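Pasted below: my_file.tsv, TSV, C-alpha atoms and all ligand atoms.
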```tsv
chain	number	residue	atom	x	y	z
A	1	MET	CA	-98.65	115.77	-78.71
A	2	SER	CA	-101.89	115.18	-80.49
A	3	ASP	CA	-101.21	115.66	-84.20
A	4	ASP	CA	-99.03	113.86	-86.72
A	5	THR	CA	-96.15	116.31	-86.89
A	6	PRO	CA	-92.84	114.79	-85.85
A	7	VAL	CA	-91.69	115.41	-82.31
A	8	ALA	CA	-88.06	115.48	-81.21
A	9	GLY	CA	-87.13	113.04	-78.49
A	10	VAL	CA	-84.34	111.00	-76.98
A	11	VAL	CA	-84.19	107.23	-76.47
A	12	LEU	CA	-84.14	106.35	-72.78
A	13	GLY	CA	-84.15	102.59	-73.05
A	14	GLY	CA	-85.86	99.64	-74.61
A	15	THR	CA	-86.03	95.93	-75.04
A	16	GLY	CA	-87.51	93.67	-77.66
A	17	GLY	CA	-88.02	96.36	-80.27
A	18	VAL	CA	-90.07	98.69	-78.09
A	19	TRP	CA	-88.18	101.83	-77.12
A	20	ARG	CA	-88.94	104.35	-74.42
A	21	VAL	CA	-88.59	107.80	-75.89
A	22	ARG	CA	-88.71	111.04	-73.96
A	23	ALA	CA	-90.23	113.74	-76.10
A	24	VAL	CA	-89.14	117.38	-75.80
A	25	THR	CA	-92.42	117.96	-74.03
A	26	GLY	CA	-91.17	115.74	-71.20
A	27	GLU	CA	-93.69	113.03	-71.97
A	28	VAL	CA	-92.27	109.49	-72.14
A	29	VAL	CA	-93.82	107.21	-74.76
A	30	ASP	CA	-93.25	103.72	-76.16
A	31	ALA	CA	-92.26	103.70	-79.82
A	32	THR	CA	-91.11	101.21	-82.42
A	33	LEU	CA	-88.63	101.81	-85.18
A	34	ARG	CA	-90.20	102.52	-88.55
A	35	GLY	CA	-89.43	99.60	-90.84
A	36	ARG	CA	-88.34	101.55	-93.86
A	37	LEU	CA	-86.40	104.09	-91.91
A	38	LYS	CA	-84.31	105.89	-94.50
A	39	ILE	CA	-80.82	106.59	-93.25
A	40	GLU	CA	-77.63	106.88	-95.18
A	41	ASN	CA	-75.35	105.34	-92.63
A	42	THR	CA	-76.11	101.69	-91.95
A	43	SER	CA	-74.33	101.83	-88.62
A	44	TYR	CA	-77.25	103.92	-87.45
A	45	MET	CA	-79.64	101.09	-88.15
A	46	LYS	CA	-79.19	99.84	-84.65
A	47	LEU	CA	-80.89	102.28	-82.41
A	48	ALA	CA	-79.16	102.86	-79.09
A	49	VAL	CA	-79.87	104.47	-75.77
A	50	GLY	CA	-79.11	108.18	-76.09
A	51	ASP	CA	-80.10	108.46	-79.73
A	52	ASP	CA	-81.82	111.68	-80.68
A	53	VAL	CA	-84.86	110.78	-82.75
A	54	ARG	CA	-88.05	112.14	-84.24
A	55	ILE	CA	-91.21	110.32	-83.41
A	56	GLU	CA	-94.62	110.59	-84.99
A	57	ARG	CA	-97.94	108.82	-85.08
A	58	PRO	CA	-100.56	108.71	-87.77
A	59	ALA	CA	-103.31	109.85	-85.45
A	60	ARG	CA	-104.04	110.43	-81.85
A	61	GLY	CA	-104.34	107.18	-79.93
A	62	GLU	CA	-102.24	105.22	-82.41
A	63	ALA	CA	-98.77	103.85	-81.74
A	64	TRP	CA	-95.74	106.09	-81.95
A	65	VAL	CA	-93.05	105.25	-84.47
A	66	ILE	CA	-89.48	106.43	-84.62
A	67	ALA	CA	-89.31	108.10	-88.01
A	68	GLU	CA	-85.79	109.48	-87.95
A	69	ILE	CA	-82.52	109.02	-86.09
A	70	LEU	CA	-80.39	112.13	-85.89
A	71	PRO	CA	-76.61	112.05	-86.32
A	72	ARG	CA	-74.60	110.89	-83.33
A	73	ARG	CA	-71.91	113.03	-81.76
A	74	SER	CA	-70.29	110.27	-79.72
A	75	LYS	CA	-70.69	106.67	-78.71
A	76	LEU	CA	-69.45	104.21	-76.15
A	77	ALA	CA	-68.91	100.89	-77.86
A	78	ARG	CA	-67.08	97.72	-76.96
A	79	ARG	CA	-66.69	94.35	-78.56
A	80	ALA	CA	-69.78	92.17	-78.58
A	81	PRO	CA	-69.44	89.38	-76.00
A	82	GLY	CA	-68.61	85.88	-77.15
A	83	GLY	CA	-65.45	86.60	-79.12
A	84	GLY	CA	-67.28	87.93	-82.18
A	85	ALA	CA	-65.98	90.82	-84.19
A	86	GLY	CA	-69.13	92.92	-83.94
A	87	GLU	CA	-69.39	95.94	-81.72
A	88	ARG	CA	-71.89	96.40	-78.96
A	89	ILE	CA	-73.01	99.97	-78.53
A	90	VAL	CA	-73.59	100.73	-74.87
A	91	ALA	CA	-74.88	104.27	-75.34
A	92	VAL	CA	-74.52	107.19	-77.72
A	93	ASN	CA	-74.34	110.99	-77.50
A	94	VAL	CA	-72.65	110.84	-74.14
A	95	ASP	CA	-70.19	113.39	-72.74
A	96	GLN	CA	-68.39	111.29	-70.17
A	97	VAL	CA	-67.92	107.79	-68.82
A	98	VAL	CA	-68.17	107.12	-65.11
A	99	VAL	CA	-66.33	103.90	-64.32
A	100	MET	CA	-67.50	102.51	-61.02
A	101	PHE	CA	-65.75	99.94	-58.86
A	102	ALA	CA	-66.17	98.87	-55.26
A	103	ALA	CA	-63.38	99.16	-52.69
A	104	ALA	CA	-64.48	95.64	-51.70
A	105	ARG	CA	-67.35	93.21	-52.36
A	106	PRO	CA	-66.58	92.71	-55.15
A	107	ASP	CA	-62.84	93.45	-54.87
A	108	PRO	CA	-61.51	95.89	-57.47
A	109	HIS	CA	-59.59	94.56	-60.46
A	110	PRO	CA	-57.18	97.18	-61.79
A	111	ARG	CA	-56.73	95.19	-64.99
A	112	MET	CA	-60.43	95.45	-65.69
A	113	LEU	CA	-60.45	99.12	-64.74
A	114	ASP	CA	-57.73	99.70	-67.34
A	115	ARG	CA	-59.92	98.05	-69.95
A	116	PHE	CA	-62.86	100.29	-69.13
A	117	LEU	CA	-60.63	103.36	-69.29
A	118	VAL	CA	-59.07	102.30	-72.60
A	119	ILE	CA	-62.52	101.83	-74.07
A	120	ALA	CA	-63.53	105.32	-72.95
A	121	GLU	CA	-60.29	106.78	-74.36
A	122	GLY	CA	-60.70	104.83	-77.59
A	123	ASN	CA	-64.15	106.33	-77.97
A	124	ALA	CA	-62.68	109.80	-77.27
A	125	LEU	CA	-64.73	110.19	-74.10
A	126	PRO	CA	-63.40	111.64	-70.85
A	127	ALA	CA	-63.61	109.24	-67.92
A	128	ARG	CA	-63.85	109.56	-64.16
A	129	ILE	CA	-63.76	106.86	-61.52
A	130	VAL	CA	-66.14	106.28	-58.63
A	131	VAL	CA	-64.97	103.93	-55.87
A	132	ASN	CA	-67.96	102.81	-53.82
A	133	LYS	CA	-68.36	100.85	-50.57
A	134	ILE	CA	-65.44	102.58	-48.88
A	135	GLU	CA	-67.15	101.99	-45.54
A	136	VAL	CA	-66.19	98.32	-46.04
A	137	ALA	CA	-62.49	98.61	-46.87
A	138	GLY	CA	-61.68	102.18	-45.87
A	139	GLU	CA	-60.47	105.01	-48.09
A	140	PRO	CA	-56.73	104.52	-47.33
A	141	ALA	CA	-56.83	100.94	-48.61
A	142	ALA	CA	-58.78	102.01	-51.68
A	143	ARG	CA	-56.28	104.79	-52.36
A	144	GLU	CA	-53.48	102.26	-52.61
A	145	ILE	CA	-55.11	101.11	-55.82
A	146	PHE	CA	-56.78	104.22	-57.17
A	147	ASP	CA	-54.30	107.03	-56.37
A	148	ALA	CA	-52.29	105.88	-59.38
A	149	TYR	CA	-55.27	106.75	-61.59
A	150	GLU	CA	-55.65	110.18	-60.10
A	151	ARG	CA	-51.95	110.77	-60.80
A	152	VAL	CA	-52.44	110.12	-64.50
A	153	GLY	CA	-55.37	112.51	-64.62
A	154	TYR	CA	-58.58	110.63	-63.91
A	155	PRO	CA	-60.77	112.26	-61.26
A	156	VAL	CA	-61.51	109.70	-58.53
A	157	HIS	CA	-64.48	109.94	-56.17
A	158	TYR	CA	-64.39	107.86	-52.99
A	159	VAL	CA	-67.96	107.21	-51.88
A	160	SER	CA	-70.22	105.01	-49.86
A	161	VAL	CA	-73.82	104.85	-50.95
A	162	LYS	CA	-74.62	102.95	-47.76
A	163	ALA	CA	-72.98	105.49	-45.46
A	164	GLU	CA	-74.15	108.40	-47.68
A	165	HIS	CA	-70.57	109.58	-48.01
A	166	GLY	CA	-69.11	111.58	-50.89
A	167	LEU	CA	-72.27	111.52	-53.01
A	168	ALA	CA	-72.57	115.28	-53.51
A	169	SER	CA	-69.31	115.51	-55.48
A	170	VAL	CA	-70.56	112.84	-57.88
A	171	GLY	CA	-73.82	114.76	-58.28
A	172	VAL	CA	-71.84	117.87	-59.22
A	173	ALA	CA	-69.80	115.89	-61.77
A	174	LEU	CA	-72.97	114.61	-63.42
A	175	ALA	CA	-74.80	117.95	-63.64
A	176	GLY	CA	-75.50	119.38	-67.07
A	177	ARG	CA	-73.96	116.49	-68.98
A	178	ARG	CA	-74.81	113.09	-70.34
A	179	SER	CA	-72.92	110.44	-68.43
A	180	VAL	CA	-72.83	106.70	-68.78
A	181	VAL	CA	-72.12	104.69	-65.65
A	182	THR	CA	-70.31	101.45	-66.25
A	183	GLY	CA	-68.37	98.88	-64.23
A	184	PRO	CA	-68.59	95.34	-62.91
A	185	SER	CA	-71.80	93.89	-61.57
A	186	GLY	CA	-72.63	94.46	-57.93
A	187	VAL	CA	-70.47	97.55	-57.33
A	188	GLY	CA	-73.52	99.72	-56.65
A	189	LYS	CA	-74.15	101.61	-59.90
A	190	SER	CA	-77.93	101.46	-59.59
A	191	SER	CA	-77.72	102.08	-55.84
A	192	LEU	CA	-75.71	105.26	-56.45
A	193	LEU	CA	-78.20	106.63	-58.95
A	194	ASN	CA	-81.12	105.79	-56.68
A	195	ALA	CA	-79.39	107.65	-53.86
A	196	LEU	CA	-78.61	110.68	-56.02
A	197	PHE	CA	-81.97	110.81	-57.72
A	198	PRO	CA	-84.81	109.72	-55.48
A	199	GLY	CA	-87.57	108.48	-57.73
A	200	ALA	CA	-85.15	106.78	-60.13
A	201	ASN	CA	-86.43	103.45	-58.81
A	202	LEU	CA	-83.68	101.37	-60.38
A	203	ARG	CA	-83.56	97.73	-59.38
A	204	VAL	CA	-80.81	96.97	-56.93
A	205	GLY	CA	-79.34	93.54	-56.48
A	206	ALA	CA	-79.87	91.75	-53.21
A	207	ILE	CA	-76.61	89.88	-53.50
A	208	SER	CA	-76.08	87.61	-50.58
A	209	GLU	CA	-72.99	89.03	-48.89
A	210	SER	CA	-71.54	85.54	-48.43
A	211	VAL	CA	-71.82	84.56	-52.07
A	212	ASN	CA	-70.36	87.89	-53.20
A	213	LYS	CA	-70.64	86.98	-56.87
A	214	GLY	CA	-72.62	89.84	-58.29
A	215	ARG	CA	-75.55	88.43	-60.19
A	216	HIS	CA	-76.51	90.95	-62.86
A	217	THR	CA	-79.39	93.00	-61.61
A	218	THR	CA	-79.69	95.68	-64.26
A	219	VAL	CA	-80.72	94.49	-67.71
A	220	GLY	CA	-80.11	96.85	-70.62
A	221	ALA	CA	-79.00	100.46	-70.47
A	222	ASN	CA	-81.45	102.86	-68.93
A	223	MET	CA	-81.21	106.63	-69.26
A	224	LEU	CA	-82.56	108.95	-66.58
A	225	PRO	CA	-83.18	112.65	-67.04
A	226	LEU	CA	-81.59	114.53	-64.14
A	227	PRO	CA	-84.33	116.32	-62.23
A	228	GLY	CA	-84.53	120.02	-63.05
A	229	ASP	CA	-81.57	119.81	-65.44
A	230	ALA	CA	-82.55	120.04	-69.10
A	231	ASP	CA	-79.18	118.88	-70.39
A	232	GLY	CA	-78.37	116.34	-67.74
A	233	TYR	CA	-78.89	112.63	-68.22
A	234	VAL	CA	-77.26	109.65	-66.61
A	235	ILE	CA	-77.28	106.16	-68.05
A	236	ASP	CA	-77.32	103.12	-65.79
A	237	THR	CA	-75.88	100.03	-67.48
A	238	PRO	CA	-75.72	96.35	-66.57
A	239	GLY	CA	-72.49	95.28	-64.93
A	240	LEU	CA	-69.94	93.48	-67.03
A	241	ARG	CA	-67.99	90.40	-66.06
A	242	GLU	CA	-65.59	90.77	-68.95
A	243	VAL	CA	-65.00	93.66	-71.28
A	244	GLY	CA	-63.78	93.11	-74.77
A	245	LEU	CA	-62.03	95.85	-76.66
A	246	TRP	CA	-63.49	96.43	-80.06
A	247	ALA	CA	-61.44	96.72	-83.21
A	248	LEU	CA	-59.04	99.32	-81.92
A	249	PRO	CA	-55.98	99.46	-84.18
A	250	ALA	CA	-53.02	98.16	-82.16
A	251	ALA	CA	-50.98	101.25	-83.03
A	252	GLU	CA	-53.55	103.44	-81.28
A	253	LEU	CA	-53.53	101.60	-77.98
A	254	ASP	CA	-50.73	103.71	-76.51
A	255	ARG	CA	-52.80	106.85	-77.02
A	256	CYS	CA	-55.44	105.34	-74.76
A	257	PHE	CA	-53.11	105.53	-71.74
A	258	PRO	CA	-52.66	109.22	-70.80
A	259	GLU	CA	-49.24	108.62	-69.25
A	260	MET	CA	-48.06	106.94	-72.47
A	261	ARG	CA	-49.65	109.58	-74.65
A	262	ALA	CA	-47.47	112.14	-72.87
A	263	VAL	CA	-44.17	110.48	-73.85
A	264	ARG	CA	-44.80	108.28	-76.89
A	265	GLY	CA	-43.46	110.95	-79.24
A	266	GLU	CA	-40.04	110.66	-77.61
A	267	CYS	CA	-39.42	107.01	-78.52
A	268	ARG	CA	-36.59	106.46	-81.01
A	269	PHE	CA	-38.93	104.76	-83.49
A	270	ALA	CA	-42.13	106.44	-84.59
A	271	ASP	CA	-43.84	103.04	-84.71
A	272	CYS	CA	-42.45	101.88	-81.37
A	273	ARG	CA	-44.70	99.31	-79.72
A	274	HIS	CA	-42.98	99.98	-76.40
A	275	LEU	CA	-42.09	96.32	-75.90
A	276	SER	CA	-38.39	95.65	-76.50
A	277	GLU	CA	-37.42	98.47	-78.85
A	278	PRO	CA	-34.31	100.46	-77.91
A	279	ASP	CA	-34.66	104.00	-76.53
A	280	CYS	CA	-38.31	103.58	-75.69
A	281	ALA	CA	-39.61	106.59	-73.76
A	282	VAL	CA	-42.50	104.57	-72.40
A	283	ARG	CA	-40.27	101.93	-70.83
A	284	GLU	CA	-38.14	104.73	-69.44
A	285	ALA	CA	-41.27	106.24	-67.93
A	286	VAL	CA	-42.01	102.89	-66.29
A	287	SER	CA	-38.46	102.70	-64.90
A	288	ALA	CA	-38.77	106.26	-63.61
A	289	GLY	CA	-42.11	105.49	-61.95
A	290	ALA	CA	-44.16	107.83	-64.15
A	291	MET	CA	-46.16	104.85	-65.38
A	292	THR	CA	-46.94	102.01	-62.99
A	293	GLU	CA	-45.74	98.50	-63.75
A	294	GLN	CA	-49.35	97.41	-63.46
A	295	ARG	CA	-50.67	99.84	-66.06
A	296	TYR	CA	-47.78	98.97	-68.36
A	297	GLU	CA	-48.63	95.28	-67.93
A	298	SER	CA	-52.22	96.09	-68.89
A	299	TYR	CA	-50.93	97.76	-72.02
A	300	VAL	CA	-48.79	94.74	-72.94
A	301	ARG	CA	-51.71	92.35	-72.46
A	302	LEU	CA	-54.16	94.48	-74.39
A	303	LEU	CA	-51.64	94.92	-77.20
A	304	ALA	CA	-51.29	91.14	-77.44
A	305	GLU	CA	-55.07	90.90	-77.74
A	306	LEU	CA	-55.17	93.44	-80.53
A	307	THR	CA	-52.39	91.95	-82.65
V	1	LIG	N1	-71.64	97.73	-48.21
V	1	LIG	C1	-72.17	98.45	-49.20
V	1	LIG	N2	-73.02	97.87	-50.05
V	1	LIG	C2	-73.53	98.62	-51.04
V	1	LIG	C3	-73.18	99.99	-51.21
V	1	LIG	N3	-73.82	100.46	-52.31
V	1	LIG	C4	-74.54	99.43	-52.81
V	1	LIG	N4	-74.37	98.31	-52.05
V	1	LIG	C5	-74.98	96.99	-52.25
V	1	LIG	O1	-74.34	96.36	-53.36
V	1	LIG	C6	-75.26	95.47	-53.99
V	1	LIG	C7	-75.28	95.72	-55.49
V	1	LIG	O2	-75.84	96.99	-55.76
V	1	LIG	P1	-76.42	97.39	-57.19
V	1	LIG	O3	-76.72	98.86	-57.09
V	1	LIG	O4	-77.51	96.50	-57.63
V	1	LIG	O5	-75.14	97.13	-58.10
V	1	LIG	P2	-75.00	97.35	-59.68
V	1	LIG	O6	-73.62	97.86	-59.89
V	1	LIG	O7	-76.10	98.20	-60.19
V	1	LIG	O8	-75.11	95.86	-60.23
V	1	LIG	P3	-75.60	95.38	-61.70
V	1	LIG	O9	-76.91	96.04	-61.99
V	1	LIG	O10	-75.70	93.89	-61.57
V	1	LIG	O11	-74.53	95.78	-62.65
V	1	LIG	C8	-76.61	95.70	-53.31
V	1	LIG	O12	-76.80	94.68	-52.35
V	1	LIG	C9	-76.43	97.04	-52.65
V	1	LIG	O13	-77.27	97.20	-51.53
V	1	LIG	C10	-72.27	100.58	-50.27
V	1	LIG	O14	-71.91	101.76	-50.32
V	1	LIG	N5	-71.79	99.75	-49.29
V	2	MG	MG	-77.56	97.85	-61.61
V	3	ZN	ZN	-41.70	103.19	-77.08
```

How would this structure read if it were set down as structure tokens?
Ligand SMILES: Nc1nc2c(ncn2[C@@H]2O[C@H](COP(=O)(O)OP(=O)(O)OP(=O)(O)O)[C@@H](O)[C@H]2O)c(=O)[nH]1
Ligand SMILES: [Mg+2]
Ligand SMILES: [Zn+2]
Amino acid sequence: MSDDTPVAGVVLGGTGGVWRVRAVTGEVVDATLRGRLKIENTSYMKLAVGDDVRIERPARGEAWVIAEILPRRSKLARRAPGGGAGERIVAVNVDQVVVMFAAARPDPHPRMLDRFLVIAEGNALPARIVVNKIEVAGEPAAREIFDAYERVGYPVHYVSVKAEHGLASVGVALAGRRSVVTGPSGVGKSSLLNALFPGANLRVGAISESVNKGRHTTVGANMLPLPGDADGYVIDTPGLREVGLWALPAAELDRCFPEMRAVRGECRFADCRHLSEPDCAVREAVSAGAMTEQRYESYVRLLAELT
């Protein structure tokens, strides 16, 4: 990469206006966004991890600039923290979301899991679940919570990074795709990626086991190329204490629960909110056990947030 012709690359990460870009050559360089970057769509003005870009530099030895951002095929976005209306893009051009929880330390919160899954569904991204630290609580106890998710169609991987259990199946699920790993702080996201990809060198939190609070260890999303896999990337993200939905229209929330999606067309009213309307197929599904009370309760709470 010695001349001034643009080079295709992908944004791996960045803070403070300096982005790490991996060029097609495999070389990773620091680059800044060109000030007068001409793009039609203003939503592209905010560069994000996973963006396909073209970089160039005026001459050898000078700084690289990002001259062009290519169209995005997908994004994972949630509401910006602090109650604002803006969206926070976690990553773009991803194929799947891996939602990670711990079987214990910190204890799993199904309500929060439902939020992560709804955000993935709302962004039209398939999701899978990784339950880590099963050597602490045991797989049977973890299954009491997570079997319900497998029943509605989400693949669930039970793993222990510490005991090196179940990691290969996660590796297979990541191969050849771009995945973003998300979940609460301290569940072992960075630990998992370090274990799967030696050399990743992600910072891992030394949470004192007694405090058990999960100080955020990872800062900013960080995309890793999978070794020997030209199409495979995995994005480590900082853990979240709370997840806000973004401006999802309330009427689309039911589509973000697969078990509601399956029956929503059978409600008496086309605009049924599945609360107290008569002949509601969703509430019948809850009575029949096809949707758990807990997931339905998540729906009701999220709907209240969106209206
Ligand atoms: N007992 C147990 N501890 C684990 C396991 N995997 C990771 N940990 C520990 O969990 C703590 C948090 O791990 P991280 O990998 O930093 O968690 P994270 O999800 O990346 O956290 P953030 O970056 O803050 O979002 C560390 O002390 C790890 O050593 C596991 O399988 N079992
Ligand atoms: Mg981390
Ligand atoms: Zn209904």

Mind checking which residues fall within 9 Å of stretch 265-269 of chain A, counting only C-alpha atoms, ignoring those fewer than 3 positions away in the same chain, and posting them as a PyMOL selection string?
chain A and resi 261-262+272-274+277-282

9 Å contact set for A:Leu70, only C-alpha atoms, chain neighbours under 4 positions out, as a VMD selection string:
chain A and resid 44 51 to 54

Go ahead and save the picked residues with C-alpha atoms, as an mmCIF file, keeping the file's coordinate frame.
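Written file, part_6.cif:
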```cif
data_model
loop_
_atom_site.group_PDB
_atom_site.id
_atom_site.type_symbol
_atom_site.label_atom_id
_atom_site.label_comp_id
_atom_site.auth_asym_id
_atom_site.auth_seq_id
_atom_site.Cartn_x
_atom_site.Cartn_y
_atom_site.Cartn_z
ATOM 1 C CA TYR A 44 -77.250 103.920 -87.450
ATOM 2 C CA ASP A 51 -80.100 108.460 -79.730
ATOM 3 C CA ASP A 52 -81.820 111.680 -80.680
ATOM 4 C CA VAL A 53 -84.860 110.780 -82.750
ATOM 5 C CA ARG A 54 -88.050 112.140 -84.240
#
```

Please write as a list in words the list of polymer residues whose atoms come within 12 Å of (-82.1, 117.7, -66.7), counting all atoms listed in the file and keeping to the coordinates of the file.
Arg22, Val24, Gly26, Leu174, Ala175, Gly176, Arg177, Arg178, Ser179, Phe197, Met223, Leu224, Pro225, Leu226, Pro227, Gly228, Asp229, Ala230, Asp231, Gly232, Tyr233 and Val234 of chain A

Per residue of chain A within 10 Å of ligand LIG 1 (chain V), record the nearest atom pair and its distance in Å to one decimal, counting all atoms listed in the file, with rows in chain order and ascending residue number, as CSV.
```
residue,atom,partner,partner_atom,distance
A:Met100,CA,V:LIG1,O6,7.8
A:Phe101,CA,V:LIG1,O6,8.2
A:Ala102,CA,V:LIG1,C10,8.1
A:Ala103,CA,V:LIG1,N5,9.1
A:Ala104,CA,V:LIG1,N1,8.2
A:Arg105,CA,V:LIG1,N1,7.5
A:Pro106,CA,V:LIG1,O1,8.8
A:Val131,CA,V:LIG1,O14,9.1
A:Asn132,CA,V:LIG1,O14,5.4
A:Lys133,CA,V:LIG1,O14,3.7
A:Ile134,CA,V:LIG1,O14,6.7
A:Glu135,CA,V:LIG1,N5,6.4
A:Val136,CA,V:LIG1,N1,5.9
A:Ala137,CA,V:LIG1,N1,9.3
A:Val159,CA,V:LIG1,O14,6.9
A:Ser160,CA,V:LIG1,O14,3.7
A:Val161,CA,V:LIG1,O14,3.7
A:Lys162,CA,V:LIG1,O14,3.9
A:Ala163,CA,V:LIG1,O14,6.2
A:Glu164,CA,V:LIG1,O14,7.5
A:His165,CA,V:LIG1,O14,8.3
A:Val181,CA,V:LIG1,O6,9.1
A:Thr182,CA,V:LIG1,O11,7.9
A:Gly183,CA,V:LIG1,O6,6.9
A:Pro184,CA,V:LIG1,O11,6.0
A:Ser185,CA,V:LIG1,O11,3.5
A:Gly186,CA,V:LIG1,O8,3.7
A:Val187,CA,V:LIG1,O6,4.1
A:Gly188,CA,V:LIG1,O3,3.3
A:Lys189,CA,V:LIG1,O6,3.8
A:Ser190,CA,V:LIG1,O7,3.8
A:Ser191,CA,V:LIG1,O3,3.6
A:Leu192,CA,V:LIG1,O3,6.5
A:Leu193,CA,V:LIG1,O3,8.1
A:Asn194,CA,V:LIG1,O3,8.2
A:Ala195,CA,V:LIG1,N3,9.2
A:Leu202,CA,V:LIG1,O3,8.1
A:Arg203,CA,V:LIG1,O4,6.4
A:Val204,CA,V:LIG1,O4,3.4
A:Gly205,CA,V:LIG1,O4,3.7
A:Ala206,CA,V:LIG1,O12,4.3
A:Ile207,CA,V:LIG1,O12,4.9
A:Ser208,CA,V:LIG1,O12,7.3
A:Glu209,CA,V:LIG1,O12,7.6
A:Asn212,CA,V:LIG1,C6,9.1
A:Lys213,CA,V:LIG1,O10,9.8
A:Gly214,CA,V:LIG1,O10,6.1
A:Arg215,CA,V:LIG1,O10,5.6
A:His216,CA,V:LIG1,O10,3.3
A:Thr217,CA,V:LIG1,O10,3.8
A:Thr218,CA,V:LIG1,O9,3.6
A:Val219,CA,V:LIG1,O9,7.0
A:Gly220,CA,V:LIG1,O9,9.2
A:Ala221,CA,V:LIG1,O9,9.8
A:Asp236,CA,V:LIG1,O7,7.6
A:Thr237,CA,V:LIG1,O11,6.6
A:Pro238,CA,V:LIG1,O11,4.1
A:Gly239,CA,V:LIG1,O11,3.1
A:Leu240,CA,V:LIG1,O11,6.7
A:Arg241,CA,V:LIG1,O11,9.1
```

Could you write those residues out with C-alpha atoms, as a CSV table (one decimal), keeping the file's coordinate frame?
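Dumped everything to again.csv:
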```csv
chain,number,residue,atom,x,y,z
A,100,MET,CA,-67.5,102.5,-61.0
A,101,PHE,CA,-65.8,99.9,-58.9
A,102,ALA,CA,-66.2,98.9,-55.3
A,103,ALA,CA,-63.4,99.2,-52.7
A,104,ALA,CA,-64.5,95.6,-51.7
A,105,ARG,CA,-67.4,93.2,-52.4
A,106,PRO,CA,-66.6,92.7,-55.2
A,131,VAL,CA,-65.0,103.9,-55.9
A,132,ASN,CA,-68.0,102.8,-53.8
A,133,LYS,CA,-68.4,100.8,-50.6
A,134,ILE,CA,-65.4,102.6,-48.9
A,135,GLU,CA,-67.2,102.0,-45.5
A,136,VAL,CA,-66.2,98.3,-46.0
A,137,ALA,CA,-62.5,98.6,-46.9
A,159,VAL,CA,-68.0,107.2,-51.9
A,160,SER,CA,-70.2,105.0,-49.9
A,161,VAL,CA,-73.8,104.8,-51.0
A,162,LYS,CA,-74.6,103.0,-47.8
A,163,ALA,CA,-73.0,105.5,-45.5
A,164,GLU,CA,-74.2,108.4,-47.7
A,165,HIS,CA,-70.6,109.6,-48.0
A,181,VAL,CA,-72.1,104.7,-65.6
A,182,THR,CA,-70.3,101.4,-66.2
A,183,GLY,CA,-68.4,98.9,-64.2
A,184,PRO,CA,-68.6,95.3,-62.9
A,185,SER,CA,-71.8,93.9,-61.6
A,186,GLY,CA,-72.6,94.5,-57.9
A,187,VAL,CA,-70.5,97.6,-57.3
A,188,GLY,CA,-73.5,99.7,-56.6
A,189,LYS,CA,-74.2,101.6,-59.9
A,190,SER,CA,-77.9,101.5,-59.6
A,191,SER,CA,-77.7,102.1,-55.8
A,192,LEU,CA,-75.7,105.3,-56.4
A,193,LEU,CA,-78.2,106.6,-59.0
A,194,ASN,CA,-81.1,105.8,-56.7
A,195,ALA,CA,-79.4,107.6,-53.9
A,202,LEU,CA,-83.7,101.4,-60.4
A,203,ARG,CA,-83.6,97.7,-59.4
A,204,VAL,CA,-80.8,97.0,-56.9
A,205,GLY,CA,-79.3,93.5,-56.5
A,206,ALA,CA,-79.9,91.8,-53.2
A,207,ILE,CA,-76.6,89.9,-53.5
A,208,SER,CA,-76.1,87.6,-50.6
A,209,GLU,CA,-73.0,89.0,-48.9
A,212,ASN,CA,-70.4,87.9,-53.2
A,213,LYS,CA,-70.6,87.0,-56.9
A,214,GLY,CA,-72.6,89.8,-58.3
A,215,ARG,CA,-75.6,88.4,-60.2
A,216,HIS,CA,-76.5,91.0,-62.9
A,217,THR,CA,-79.4,93.0,-61.6
A,218,THR,CA,-79.7,95.7,-64.3
A,219,VAL,CA,-80.7,94.5,-67.7
A,220,GLY,CA,-80.1,96.8,-70.6
A,221,ALA,CA,-79.0,100.5,-70.5
A,236,ASP,CA,-77.3,103.1,-65.8
A,237,THR,CA,-75.9,100.0,-67.5
A,238,PRO,CA,-75.7,96.4,-66.6
A,239,GLY,CA,-72.5,95.3,-64.9
A,240,LEU,CA,-69.9,93.5,-67.0
A,241,ARG,CA,-68.0,90.4,-66.1
```

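The coordinates place atom CA of A:Arg301 at 22.6 Å from atom CA of A:Arg128.
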
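The coordinates place atom CA of A:Phe257 at 15.9 Å from atom CA of A:Glu305.
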
How many Å separate atom CA of A:Leu125 from atom CA of A:Gln96?
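A separation of 5.5 Å between them.
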
So that I can check the surroundings of A:Ile55, please list as a list in words every protein, DNA and RNA residue that reaches within 7 Å of it, counting all atoms listed in the file and ignoring chain neighbours fewer than 3 positions away.
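Once the nearby chain positions are removed, what remains is Pro6, Val7, Ala8, Gly9, Trp64, Val65, Ile66 and Ala67 of chain A.
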
Calculated over only C-alpha atoms and all ligand atoms, which of the candidates A:Asn201, A:Pro71, A:Gly122, A:Ser276 has the smallest distance to ligand MG 2 (chain V)?
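Looking only at the distances to ligand MG 2 (chain V), the closest residue turns out to be A:Asn201.
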
Proximity to ligand MG 2 (chain V) - best of A:Pro126, A:Arg143, A:Pro198, A:Ile235, all atoms listed in the file:
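Checking each of A:Pro126, A:Arg143, A:Pro198, A:Ile235 against ligand MG 2 (chain V), counting all atoms listed in the file, the winner is A:Ile235.
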
Quick one: everything within 9 Å of A:Ser74, counting only C-alpha atoms, minus sequence neighbours fewer than 6 positions away in the same chain. Send it as a VMD selection string.
chain A and resid 91 to 95 123 to 125

Atoms to include: C-alpha atoms. Write the selected residues as a short mmCIF file (atom, residue, chain, number, x, y, z; two decimals), keeping the file's coordinate frame.
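Output below, filename out_39.cif:
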```cif
data_model
loop_
_atom_site.label_atom_id
_atom_site.label_comp_id
_atom_site.auth_asym_id
_atom_site.auth_seq_id
_atom_site.Cartn_x
_atom_site.Cartn_y
_atom_site.Cartn_z
CA ALA A 91 -74.88 104.27 -75.34
CA VAL A 92 -74.52 107.19 -77.72
CA ASN A 93 -74.34 110.99 -77.50
CA VAL A 94 -72.65 110.84 -74.14
CA ASP A 95 -70.19 113.39 -72.74
CA ASN A 123 -64.15 106.33 -77.97
CA ALA A 124 -62.68 109.80 -77.27
CA LEU A 125 -64.73 110.19 -74.10
#
```
